[in-house]
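Novice: Structure file my_file_27.csv (CSV, C-alpha atoms) is given on the next line.
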chain,number,residue,atom,x,y,z
A,1,MET,CA,137.8,-29.4,94.1
A,2,SER,CA,140.0,-27.7,91.6
A,3,PHE,CA,143.1,-29.9,92.0
A,4,GLU,CA,145.8,-27.3,91.4
A,5,ILE,CA,149.3,-27.8,90.0
A,6,GLY,CA,151.5,-29.1,92.8
A,7,GLU,CA,148.7,-30.7,94.8
A,8,THR,CA,149.0,-34.3,96.0
A,9,VAL,CA,146.0,-36.4,94.9
A,10,GLU,CA,144.8,-40.0,94.9
A,11,VAL,CA,143.7,-41.5,91.6
A,12,ILE,CA,140.9,-44.0,91.9
A,13,ASP,CA,141.4,-47.0,89.6
A,14,ASN,CA,138.4,-49.1,88.7
A,15,GLU,CA,139.9,-51.0,85.8
A,16,ASP,CA,139.6,-54.8,85.7
A,17,GLY,CA,141.9,-56.3,88.3
A,18,MET,CA,142.5,-52.9,90.0
A,19,GLU,CA,139.1,-52.2,91.5
A,20,GLY,CA,139.3,-50.5,94.8
A,21,SER,CA,142.8,-49.2,94.4
A,22,TYR,CA,144.1,-45.7,95.1
A,23,PHE,CA,147.4,-44.4,93.6
A,24,ARG,CA,149.1,-41.3,95.0
A,25,GLY,CA,150.4,-38.7,92.6
A,26,GLN,CA,150.9,-35.0,92.1
A,27,VAL,CA,149.1,-32.7,89.7
A,28,ILE,CA,151.7,-31.4,87.2
A,29,ASP,CA,149.4,-29.8,84.6
A,30,ARG,CA,145.7,-29.0,84.2
A,31,SER,CA,143.1,-28.6,81.4
A,32,PRO,CA,139.3,-28.3,81.6
A,33,GLY,CA,138.0,-31.4,83.4
A,34,ARG,CA,141.4,-33.2,83.3
A,35,ARG,CA,144.7,-33.2,85.2
A,36,THR,CA,148.1,-34.6,84.3
A,37,ILE,CA,149.3,-36.7,87.2
A,38,ARG,CA,152.8,-37.8,88.0
A,39,TYR,CA,152.5,-40.9,90.1
A,40,HIS,CA,154.6,-41.4,93.2
A,41,THR,CA,154.9,-45.2,92.9
A,42,LEU,CA,154.0,-46.1,89.3
A,43,LEU,CA,156.9,-46.1,86.9
A,44,ALA,CA,157.0,-45.8,83.1
A,45,ASP,CA,158.9,-48.4,81.0
A,46,ASP,CA,162.1,-46.3,81.3
A,47,GLY,CA,161.9,-46.3,85.1
A,48,SER,CA,160.8,-42.6,85.4
A,49,PRO,CA,157.6,-41.7,87.3
A,50,LEU,CA,154.6,-42.5,85.1
A,51,GLU,CA,152.6,-39.4,84.0
A,52,GLU,CA,149.0,-39.7,82.9
A,53,VAL,CA,146.1,-37.4,82.0
A,54,ILE,CA,143.1,-38.2,84.3
A,55,SER,CA,139.5,-37.0,84.5
A,56,VAL,CA,139.0,-35.0,87.6
A,57,ARG,CA,136.1,-37.4,88.4
A,58,SER,CA,138.8,-40.1,89.1
A,59,LEU,CA,140.7,-37.8,91.6
A,60,ARG,CA,140.3,-37.1,95.2
A,61,PRO,CA,142.5,-35.4,97.8
A,62,PRO,CA,144.4,-37.7,100.2
A,63,PRO,CA,142.2,-38.6,103.1
A,64,PRO,CA,143.0,-37.1,106.5
A,65,THR,CA,144.7,-39.3,109.1
A,66,VAL,CA,142.1,-40.8,111.5
A,67,LEU,CA,143.2,-42.5,114.6
A,68,ALA,CA,140.6,-45.2,115.3
A,69,ARG,CA,140.3,-48.7,116.7
A,70,PHE,CA,139.3,-51.2,114.1
A,71,HIS,CA,136.3,-53.5,114.7
A,72,LEU,CA,135.7,-56.8,112.9
A,73,GLY,CA,133.9,-56.1,109.6
A,74,ASP,CA,135.2,-52.5,109.2
A,75,MET,CA,136.3,-51.4,105.8
A,76,VAL,CA,140.0,-50.4,105.7
A,77,ASP,CA,142.5,-49.3,103.2
A,78,VAL,CA,145.7,-51.4,103.1
A,79,TRP,CA,149.1,-50.3,101.7
A,80,HIS,CA,150.0,-53.3,99.5
A,81,ASN,CA,152.6,-53.2,96.7
A,82,ASP,CA,152.8,-49.4,96.8
A,83,VAL,CA,149.1,-48.9,96.4
A,84,TRP,CA,146.1,-48.4,98.8
A,85,TRP,CA,143.5,-51.1,98.4
A,86,VAL,CA,140.1,-51.3,99.9
A,87,GLY,CA,139.4,-54.4,102.0
A,88,ARG,CA,137.5,-55.7,105.1
A,89,TYR,CA,139.2,-56.3,108.5
A,90,VAL,CA,138.2,-59.8,109.5
A,91,ARG,CA,140.6,-61.0,112.2
A,92,ARG,CA,143.5,-60.0,114.4
A,93,GLU,CA,146.4,-62.4,115.3
A,94,GLY,CA,148.8,-60.7,117.7
A,95,PRO,CA,150.2,-57.6,116.0
A,96,LYS,CA,148.8,-58.6,112.5
A,97,TYR,CA,145.4,-57.5,111.1
A,98,THR,CA,143.9,-59.9,108.5
A,99,VAL,CA,142.1,-58.3,105.6
A,100,PHE,CA,139.8,-59.8,103.0
A,101,PHE,CA,139.6,-58.2,99.6
A,102,GLU,CA,136.1,-58.6,98.4
A,103,ASN,CA,136.9,-57.7,94.8
A,104,LYS,CA,139.8,-60.2,94.7
A,105,ALA,CA,142.3,-57.5,94.0
A,106,PRO,CA,145.2,-57.4,94.9
A,107,THR,CA,144.8,-61.0,96.0
A,108,ASN,CA,141.9,-63.4,96.3
A,109,GLN,CA,142.8,-64.5,99.8
A,110,HIS,CA,142.9,-63.3,103.3
A,111,VAL,CA,146.2,-61.4,104.0
A,112,SER,CA,147.7,-60.2,107.3
A,113,TYR,CA,149.3,-56.8,107.7
A,114,PRO,CA,150.9,-54.8,110.5
A,115,ARG,CA,148.8,-52.0,111.8
A,116,ALA,CA,151.1,-49.4,110.2
A,117,GLN,CA,149.9,-50.6,106.7
A,118,LEU,CA,146.2,-49.9,107.5
A,119,ARG,CA,144.2,-46.8,107.5
A,120,VAL,CA,140.5,-46.0,108.1
A,121,HIS,CA,138.6,-46.3,104.8
A,122,GLN,CA,137.0,-43.0,103.9
A,123,GLU,CA,135.1,-41.8,100.8
A,124,TRP,CA,135.3,-38.4,99.3
A,125,LYS,CA,131.9,-36.8,98.8
A,126,GLU,CA,132.5,-33.9,96.4
A,127,LEU,CA,128.9,-32.7,96.3
A,128,GLU,CA,128.4,-32.5,100.1
A,129,GLU,CA,129.2,-29.2,101.7
A,130,GLY,CA,131.8,-28.3,99.1
A,131,GLY,CA,133.5,-31.7,99.6
A,132,LYS,CA,133.9,-33.7,102.7
A,133,TRP,CA,135.2,-37.1,103.9
A,134,LYS,CA,132.7,-39.8,105.0
A,135,TYR,CA,133.9,-42.6,107.2
A,136,VAL,CA,132.8,-46.0,105.8
A,137,LYS,CA,132.5,-48.4,108.7
A,138,ARG,CA,130.9,-51.5,107.2
Take the structure from the file and write it as structure tokens.

Specialist:
Amino acid sequence: MSFEIGETVEVIDNEDGMEGSYFRGQVIDRSPGRRTIRYHTLLADDGSPLEEVISVRSLRPPPPTVLARFHLGDMVDVWHNDVWWVGRYVRREGPKYTVFFENKAPTNQHVSYPRAQLRVHQEWKELEEGGKWKYVKR
């Protein structure tokens, strides 16, 4: 993908302690192989939206909304502290879905969330058919 100025993207963060997180932002500038991103939820020290130059390899478009029923063991994305995190759905207690974060980020325990904070985990396959989403079940 070209990731044009004005497009919304997700930045994949694999730094220590942030593995499996996706931050939303908007492309505000471009150069060969890189894009300047203004994050939607990350703030600079002065309180303004953080801007950062990112390799296009760390970018993906936002995944499409998929309406699906979760099954035990499914991979899910969880909206936690203004970031999407990858986890595994392990239990349901009434309206809450318990998720385990295998990489121990953002927490090293099982945490329960309302359904509205979960989405189907999908991975962007740039090289397949010009880019396509792949549903990751387990």

Novice: In Å, with one decimal, what is the gap from atom CA of Arg57 of chain A to atom CA of Asp45 of chain A?

Specialist: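 These two atoms are separated by 26.4 Å.
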
Novice: What does the distance from atom CA of Tyr135 of chain A to atom CA of His121 of chain A come to in Å, to one decimal?

Specialist: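 It comes out at 6.4 Å.
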
Novice: With distances taken over all atoms listed in the file, which residue among A:Ser48, A:Thr8, A:Gln122, A:Thr98 lies nearest Pro61 of chain A?

Specialist: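 Closest residue, counting all atoms listed in the file: A:Thr8.
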
Novice: Identify which of the residues A:Tyr22, A:Tyr97, A:Tyr89, A:Phe70 lies closest to Val9 of chain A, counting all atoms listed in the file when measuring atom-to-atom distances.

Specialist: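 Result for the nearest residue to Val9 of chain A: A:Tyr22.
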
Novice: Residues at most 7 Å from Arg119 of chain A, counting all atoms listed in the file, excluding those fewer than 5 positions away in the same chain, as a compact mmCIF listing (two decimals) with C-alpha atoms, keeping the file's coordinate frame?

Specialist:
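Dumped to selection.txt:
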# COMPACT_ATOMS: atom_id res chain seq x y z
CA VAL A 76 140.00 -50.40 105.70
CA ASP A 77 142.50 -49.30 103.20
CA VAL A 78 145.70 -51.40 103.10

Novice: Set up a box along x, y and z of the file covering all listed atoms of segment 40-53 of chain A, add 5 Å on every one of the six sides, and write the centre and edge lengths in Å to one decimal, as lines of an AutoDock Vina configuration file.

Specialist:
center_x = 154.1
center_y = -42.9
center_z = 87.1
size_x = 26.0
size_y = 21.0
size_z = 22.2

Novice: For a quick check of understanding, using only C-alpha atoms, which of A:Arg38, A:Arg115, A:Arg30, A:Arg88 has the smallest distance to Gly73 of chain A?

Specialist: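 Counting only C-alpha atoms, the residue closest to Gly73 of chain A is A:Arg88.
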
Novice: Which of these, A:Leu67, A:Ile37, A:Met1, A:Val90, has the shortest distance to Lys125 of chain A once you count all atoms listed in the file?

Specialist: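 Once distances to Lys125 of chain A are computed over all atoms listed in the file, the minimum belongs to A:Met1.
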
Novice: Please provide as a list in words all residues within 9 Å of Asn103 of chain A, with the sequence filter that same-chain residues fewer than 5 positions apart are discarded (counting all atoms listed in the file).

Specialist: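 Residues near the query, excluding close chain neighbours: Gly17, Met18, Glu19, Gly20, Val86, Gly87 and Asn108 of chain A.
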
Novice: Between A:His80, A:Arg92, A:His110, A:Arg24, which one has atoms that come closest to Leu50 of chain A, using all atoms listed in the file?

Specialist: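 Among the listed residues, the smallest separation from Leu50 of chain A belongs to A:Arg24.
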
Novice: Could you list as a ChimeraX atom specification every residue that has an atom within 12 Å of (155.3, -45.1, 88.0), using the file's coordinates and counting all atoms listed in the file?

Specialist: /A:23-26,37-52,82-83

Novice: Compare A:Ala68, A:Glu126, A:Gly94, A:Val27 by their minimum atom-to-atom distance to Ser112 of chain A, counting only C-alpha atoms, and give me the closest one.

Specialist: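 Ranked by minimum distance to Ser112 of chain A, first place goes to A:Gly94.
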